[in-house]
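Undergrad: This is the structure I want to talk about, given as structure tokens.
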Amino acid sequence: MASMSVKLFGKNLRNPVMNASGTLGYGEEIEPLWGIENLGAYVTKGLSLNPHNGNPTPRVWEERQGLINSIGLQNVGVDRFFNEYFPLFKKKKTPIIVNFFGFTEEEYVACARRIKPDNLIIALEMNLSCPNVKQGGISFGKDPEMVYKIVKEVKAVTRIPIIAKLTPEVRNLREIAGAAYDAGVDGFTLLNTMPSLVVDIEKCSVPIRGGLSGPVLRPIALKAVYEIFSSLHVPILGSGGIMNYSDALSFIMAGACAVQVGTATFVDPYTIPKIIQELKNYLEQLRCPRISDLTGVAHG
Amino acid sequence: MDDIEGRIIQNKEIVSGHYLLKVKLAKPMNTPIPGQFAMMKLPDSEVFLRRPFSIYDYRQDTAYFMYKVVGKGTHSLSRTGKNSTVSLLCPLGKGFNIQKRDAYVVVAGGIGIAGVHLLIKRLGKQAIIFFGCNRAEELALMRYHINLNPYVSTLDGSYGFHGNVVQLLSKHLKTICKSNIEVFTCGPENMFVSLRRLLEKMRIPCQASFEERMACGLGLCFGCVKKTLDEKEPYKRVCKEGPVFDLWQVCL
């Protein structure tokens with residue numbers, strides 16, 4: 001039997017398929033359709049030290065083969081997540097990756113410190129696409145010096161592994177990733193959504209600005225995974241427009257040790273269990289003993 | 001809730017720009033509560049996300065939807081022929097909560113009738129119906145309720161009361177006002193605003209079915225929210241905590 005399990009930061013995941021942050025609610029919402037224990041790991045909705053209300057509507061907008069969202073990081077805060085929603089993952093022994101963010105360095109640090117290590121917590125995933133309100137609102141993730149500093153500070157307050165989730169809106173992704181690497185980051189999620197906007201030509205206005213996700217983003221994210229894999233030796237979680245198992249495989253072959261599925265779940269809520277099953281079938285047909293053997297094989 | 005494949009057995013224009021769609025499901029869905037909806041995956045690959053539709057009616061494994069063409073999704077649906085296949089995630093959301101009352105008043109504006117049809121069916125003769133539309137021809141949207149003697153208004157005065165449905169309701173509210181009534185409504189948000197102004201004086205309870213751009217329909221993405229008076233968590237998901245909300249709790 002082929003093995004779907006992958007090792008991430010010394011812990012075993014039953015398979016390499018996760019949800020992307022913010023696309024599977026707090027976990028419980030998908031339970032009427034399929035159990036969260038099917039996931040390799042559940043990635044939390046972006047959490048902050050204090051709750052956030054999020055943005056007014058419209059928050060979502062359909063594009064050709066894509067979706068623009070402007071949810072505005074609505075979340076119940078890290079404490080309420082662990083009190084109200086984490087027990088389900090405990091009960092189902094499902095590992096989680098805690099996605100978190102802040103609008104100042106202090107908020108990132110305080111949030112990371114607040115999260116107590118637990119056997120089921122695989123890593124903390126830092127959303128580096130947030131604006132730094134103390135630096136004129138530029139995203140933390142766009143400036144190598146800010147990336148270095150914030151990763152270093154967060155690493156200093158927790159022993160849970162840190163994953164940096166990078167924004168595609170940068171001049172030189174390798175430089176940004178390199179800065180996080182130098183600061184001791186343990187892994188990367190590549191990539192976050194791409195900042196974008198919509199023009200309403202009848203109303204002569206901009207109804208939404210937000211992050212573009214979906215298949216339209218896939219080749220860009222794939223290139224990021226391919227490039228970072230060849231230069232930095234830390235685990236990469238691939239994310240961007242994965243709709244089916246062949247998309248997932250392409251990310252793995254480009255260098256991802258696991259993948260995150262987001263927008264596809266909105267089109268078909270069973271996408272994640274389907275991808276898991278189809279990857280399993282693929283391995284068996286290929287007589288490939290382990291999915292982990294396929295990471296990076298596209299590099300030759 | 002379940003994701004069920006269905007075959008279109010009818011997709012008929014009943015009034016200009018308004019359609020009645022019948023979908024034969026491959027297997028039965030859980031009995032829908034009035035006010036619940038379905039997320040429909042269209043066969044057109046140019047339409048990326050599913051689209052939300054109120055469940056207009058459901059009987060013998062056939063789901064009925066009444067819709068108005070407003071955007072890319074409904075435009076594509078209107079051109080989808082008989083025997084095409086769709087996928088329906090249903091039934092979704094929190095529907096109307098029918099409690100024991102002395103009188104039930106149903107207020108529908110235009111295509112909002114699609115959101116209360118199942119409710120009217122459930123209430124039967126107990127329902128006092130107010131229906132407002134633009135012009136007489138749109139009365140075809142409520143032809144199945146004619147035997148329930150609805151109060152009707154048209155904005156152009158071509159049938160019934162000349163004005164909007166809330167003005168019509170205000171004329172009759174005193175005569176039907178028993179001590180224990182509840183209003184159920186579906187329609188455009190500006191209708192909710194005037195309805196609330198009318199009901200405010202008497203603090204009549206009112207449940208309203210809202211709509212919003214949606215992505216998932218399952219509460220996963222937090223895309224389709226309405227602002228409410230809840231201080232702790234003001235934005236509630238239309239697909240999960242709604243689409244039916246207590247009108248008094250929503251910020252309009």
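Note on naming: chains are A, B, ... as they come in the structure tokens, residues start from 1 per chain, ligands start from 1 in the order shown.
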Can you pull out every residue within 9 Å of Asn149 of chain B, counting only C-alpha atoms, but drop anything in the same chain fewer than 4 positions away, and send it as a list in words?
TA: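 In the requested format, the answer is Ile128, Ile129 and His145 of chain B.
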Undergrad: May I have the residues of chain A within 9 Å of chain B, counting only C-alpha atoms, written as a PyMOL selection string?
TA: chain A and resi 22-27+29-30+32-33+51-67+69-71+74-76+263+265-270
Undergrad: The selected residues should be written to file as a PDB file, in the first residue's frame (atoms: C-alpha atoms).
TA:
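What follows is the written file out28.pdb:
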ATOM      1  CA  GLY A  22      -9.779  31.224   5.742  1.00  0.00           C
ATOM      2  CA  THR A  23     -11.407  28.803   3.318  1.00  0.00           C
ATOM      3  CA  LEU A  24     -12.762  26.222   5.729  1.00  0.00           C
ATOM      4  CA  GLY A  25     -14.312  28.452   8.383  1.00  0.00           C
ATOM      5  CA  TYR A  26     -13.391  27.383  11.905  1.00  0.00           C
ATOM      6  CA  GLY A  27     -13.482  23.735  10.836  1.00  0.00           C
ATOM      7  CA  GLU A  29     -18.761  24.246   9.223  1.00  0.00           C
ATOM      8  CA  ILE A  30     -17.603  21.498   6.854  1.00  0.00           C
ATOM      9  CA  PRO A  32     -21.985  18.064   7.853  1.00  0.00           C
ATOM     10  CA  LEU A  33     -20.299  17.139   4.531  1.00  0.00           C
ATOM     11  CA  PRO A  51     -11.105  39.758  17.635  1.00  0.00           C
ATOM     12  CA  HIS A  52     -11.585  41.596  14.321  1.00  0.00           C
ATOM     13  CA  ASN A  53     -14.907  42.541  12.748  1.00  0.00           C
ATOM     14  CA  GLY A  54     -13.682  42.524   9.155  1.00  0.00           C
ATOM     15  CA  ASN A  55     -14.805  44.619   6.193  1.00  0.00           C
ATOM     16  CA  PRO A  56     -18.216  45.755   4.977  1.00  0.00           C
ATOM     17  CA  THR A  57     -19.640  44.098   1.863  1.00  0.00           C
ATOM     18  CA  PRO A  58     -19.037  43.380  -0.952  1.00  0.00           C
ATOM     19  CA  ARG A  59     -16.424  40.980   0.354  1.00  0.00           C
ATOM     20  CA  VAL A  60     -16.328  38.564  -2.565  1.00  0.00           C
ATOM     21  CA  TRP A  61     -16.314  39.039  -6.326  1.00  0.00           C
ATOM     22  CA  GLU A  62     -16.126  36.446  -9.064  1.00  0.00           C
ATOM     23  CA  GLU A  63     -13.485  36.783 -11.747  1.00  0.00           C
ATOM     24  CA  ARG A  64     -12.843  34.595 -14.768  1.00  0.00           C
ATOM     25  CA  GLN A  65     -11.395  31.476 -13.135  1.00  0.00           C
ATOM     26  CA  GLY A  66     -10.785  33.344  -9.938  1.00  0.00           C
ATOM     27  CA  LEU A  67     -12.185  35.027  -6.872  1.00  0.00           C
ATOM     28  CA  ASN A  69     -11.970  38.531  -1.551  1.00  0.00           C
ATOM     29  CA  SER A  70     -11.911  41.346   0.919  1.00  0.00           C
ATOM     30  CA  ILE A  71     -13.049  39.627   4.104  1.00  0.00           C
ATOM     31  CA  GLN A  74     -12.778  38.805  10.487  1.00  0.00           C
ATOM     32  CA  ASN A  75     -12.000  36.434  13.331  1.00  0.00           C
ATOM     33  CA  VAL A  76     -12.961  35.657  16.910  1.00  0.00           C
ATOM     34  CA  THR A 263     -11.000  28.562  -3.541  1.00  0.00           C
ATOM     35  CA  THR A 265     -13.685  24.205  -1.935  1.00  0.00           C
ATOM     36  CA  PHE A 266     -16.192  26.979  -2.714  1.00  0.00           C
ATOM     37  CA  VAL A 267     -16.853  25.511  -6.154  1.00  0.00           C
ATOM     38  CA  ASP A 268     -17.029  21.934  -4.891  1.00  0.00           C
ATOM     39  CA  PRO A 269     -16.941  21.447  -1.111  1.00  0.00           C
ATOM     40  CA  TYR A 270     -15.738  17.876  -1.591  1.00  0.00           C
TER      41      TYR A 270
END
Undergrad: Set the distance at 8 Å and use only C-alpha atoms: which residues neighbour Leu118 of chain B once local chain neighbours fewer than 2 positions away are removed? I'd like the list as a list in words.
TA: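 My reading of the contact set: Pro34, Gly35, Ile55, Tyr56, Asp57, Gly115, Val116, Ile120, Lys121 and Arg122 of chain B.
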Undergrad: Just to be explicit: take each residue in the selection above, keep N, CA and C atoms, and write the result as a PDB file, in the first residue's frame.
TA:
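See part-v1.pdb below for the written result:
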ATOM      1  N   PRO B  34     -38.924  26.493   4.939  1.00  0.00           N
ATOM      2  CA  PRO B  34     -39.163  27.715   4.156  1.00  0.00           C
ATOM      3  C   PRO B  34     -38.088  28.766   4.444  1.00  0.00           C
ATOM      4  N   GLY B  35     -37.536  29.348   3.392  1.00  0.00           N
ATOM      5  CA  GLY B  35     -36.484  30.361   3.553  1.00  0.00           C
ATOM      6  C   GLY B  35     -35.097  29.805   3.298  1.00  0.00           C
ATOM      7  N   ILE B  55     -35.056  28.203  -2.296  1.00  0.00           N
ATOM      8  CA  ILE B  55     -35.829  27.033  -2.746  1.00  0.00           C
ATOM      9  C   ILE B  55     -37.290  27.471  -2.812  1.00  0.00           C
ATOM     10  N   TYR B  56     -37.795  27.563  -4.025  1.00  0.00           N
ATOM     11  CA  TYR B  56     -39.152  28.065  -4.251  1.00  0.00           C
ATOM     12  C   TYR B  56     -40.167  27.016  -3.838  1.00  0.00           C
ATOM     13  N   ASP B  57     -39.862  25.780  -4.208  1.00  0.00           N
ATOM     14  CA  ASP B  57     -40.762  24.684  -3.839  1.00  0.00           C
ATOM     15  C   ASP B  57     -39.981  23.380  -3.974  1.00  0.00           C
ATOM     16  N   GLY B 115     -38.615  33.764  -2.273  1.00  0.00           N
ATOM     17  CA  GLY B 115     -38.094  33.433  -0.947  1.00  0.00           C
ATOM     18  C   GLY B 115     -39.176  33.101   0.069  1.00  0.00           C
ATOM     19  N   VAL B 116     -40.452  33.420  -0.252  1.00  0.00           N
ATOM     20  CA  VAL B 116     -41.525  33.171   0.726  1.00  0.00           C
ATOM     21  C   VAL B 116     -42.592  32.209   0.212  1.00  0.00           C
ATOM     22  N   ILE B 120     -45.525  30.482   2.386  1.00  0.00           N
ATOM     23  CA  ILE B 120     -46.958  30.695   2.146  1.00  0.00           C
ATOM     24  C   ILE B 120     -47.662  29.342   2.020  1.00  0.00           C
ATOM     25  N   LYS B 121     -46.987  28.433   1.342  1.00  0.00           N
ATOM     26  CA  LYS B 121     -47.550  27.091   1.182  1.00  0.00           C
ATOM     27  C   LYS B 121     -47.764  26.426   2.538  1.00  0.00           C
ATOM     28  N   ARG B 122     -46.759  26.618   3.401  1.00  0.00           N
ATOM     29  CA  ARG B 122     -46.821  26.017   4.730  1.00  0.00           C
ATOM     30  C   ARG B 122     -47.933  26.656   5.569  1.00  0.00           C
TER      31      ARG B 122
END
Undergrad: Quick one: pull the distance between atom CA of Ile97 of chain A and atom CA of Thr44 of chain A, Å, one decimal.
TA: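 According to the coordinates, atom CA of Ile97 of chain A and atom CA of Thr44 of chain A are separated by 6.3 Å.
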Undergrad: Would you list the contacts of Asn97 of chain B as an mmCIF file with N, CA and C atoms, in the first residue's frame, taking every protein, DNA or RNA residue within 9 Å and counting only C-alpha atoms, but skipping same-chain residues closer than 5 positions in sequence?
TA:
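Dumped to result33.cif:
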data_model
loop_
_atom_site.group_PDB
_atom_site.id
_atom_site.type_symbol
_atom_site.label_atom_id
_atom_site.label_comp_id
_atom_site.auth_asym_id
_atom_site.auth_seq_id
_atom_site.Cartn_x
_atom_site.Cartn_y
_atom_site.Cartn_z
ATOM 1 N N ILE B 33 -36.679 23.767 4.927
ATOM 2 C CA ILE B 33 -37.459 24.679 5.759
ATOM 3 C C ILE B 33 -37.706 25.927 4.908
ATOM 4 N N PRO B 34 -38.924 26.493 4.939
ATOM 5 C CA PRO B 34 -39.163 27.715 4.156
ATOM 6 C C PRO B 34 -38.088 28.766 4.444
ATOM 7 N N GLN B 207 -39.405 38.700 10.579
ATOM 8 C CA GLN B 207 -38.282 37.917 10.072
ATOM 9 C C GLN B 207 -38.106 38.245 8.599
ATOM 10 N N VAL B 244 -32.374 34.134 6.792
ATOM 11 C CA VAL B 244 -33.462 34.793 7.520
ATOM 12 C C VAL B 244 -32.920 35.340 8.838
#
Undergrad: In segment 45-198 of chain B, what's strand (DSSP E or B) per DSSP? Answer as a PyMOL selection string?
TA: chain B and resi 51-54+57-59+62-68+85-92+94+103-109+127-133+151-154+161-162+181-186
Undergrad: Figure out the distance between atom CA of Asn244 of chain A and atom CA of Lys280 of chain A, please, to one decimal in Å.
TA: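 Separation of atom CA of Lys280 of chain A and atom CA of Asn244 of chain A: 12.8 Å.
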Undergrad: Which neighbours of Val15 of chain B fall inside 12 Å, counting only C-alpha atoms, when residues of the same chain fewer than 6 positions from it are skipped, and could you give them as a PyMOL selection string?
TA: chain B and resi 66-69+110-111+133-143
Undergrad: Any idea what's packed within 9 Å of Lys155 of chain A, counting only C-alpha atoms, ignoring anything in its chain fewer than 2 positions away? Could you give it as a PyMOL selection string?
TA: chain A and resi 109+112+150-153+157-162+183-185
Undergrad: Can you tell me, as a list in words, what residues are no more than 8 Å from Trp248 of chain B when counting only C-alpha atoms, ignoring any on the same chain fewer than 6 positions away?
TA: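 So the residues in contact are Arg196, Pro205 and Cys206 of chain B.
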Undergrad: Could the residues in this selection be written to a file with N, CA and C atoms, as a PDB file, in the first residue's frame?
TA:
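Result went into selection_11.pdb, see below:
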ATOM      1  N   ARG B 196     -39.562  48.451   8.172  1.00  0.00           N
ATOM      2  CA  ARG B 196     -39.156  48.575   9.570  1.00  0.00           C
ATOM      3  C   ARG B 196     -39.690  49.871  10.188  1.00  0.00           C
ATOM      4  N   PRO B 205     -42.938  41.841  15.598  1.00  0.00           N
ATOM      5  CA  PRO B 205     -41.802  41.002  15.217  1.00  0.00           C
ATOM      6  C   PRO B 205     -41.772  40.756  13.717  1.00  0.00           C
ATOM      7  N   CYS B 206     -40.574  40.717  13.162  1.00  0.00           N
ATOM      8  CA  CYS B 206     -40.456  40.552  11.715  1.00  0.00           C
ATOM      9  C   CYS B 206     -39.214  39.741  11.377  1.00  0.00           C
TER      10      CYS B 206
END
Undergrad: May I ask for the distance between atom CA of Ser239 of chain A and atom CA of Ala20 of chain A, given in Å to one decimal place?
TA: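 Taking atom CA of Ser239 of chain A and atom CA of Ala20 of chain A, their separation equals 7.1 Å.
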Undergrad: Can you work out which one of A:Glu107, A:Gly241, A:Glu278, A:Val199 has the shortest atom-to-atom distance to Val154 of chain A, counting only C-alpha atoms?
TA: A:Glu107
Undergrad: Just checking: using only C-alpha atoms, which residue out of B:His162, B:Lys201, B:Lys82, B:Lys100 ends up closest to Lys12 of chain B?
TA: B:Lys82
Undergrad: Write out as a PyMOL selection string all residues of segment 176-231 of chain B that backbone DSSP assigns to alpha helix (DSSP H).
TA: chain B and resi 176+189-200
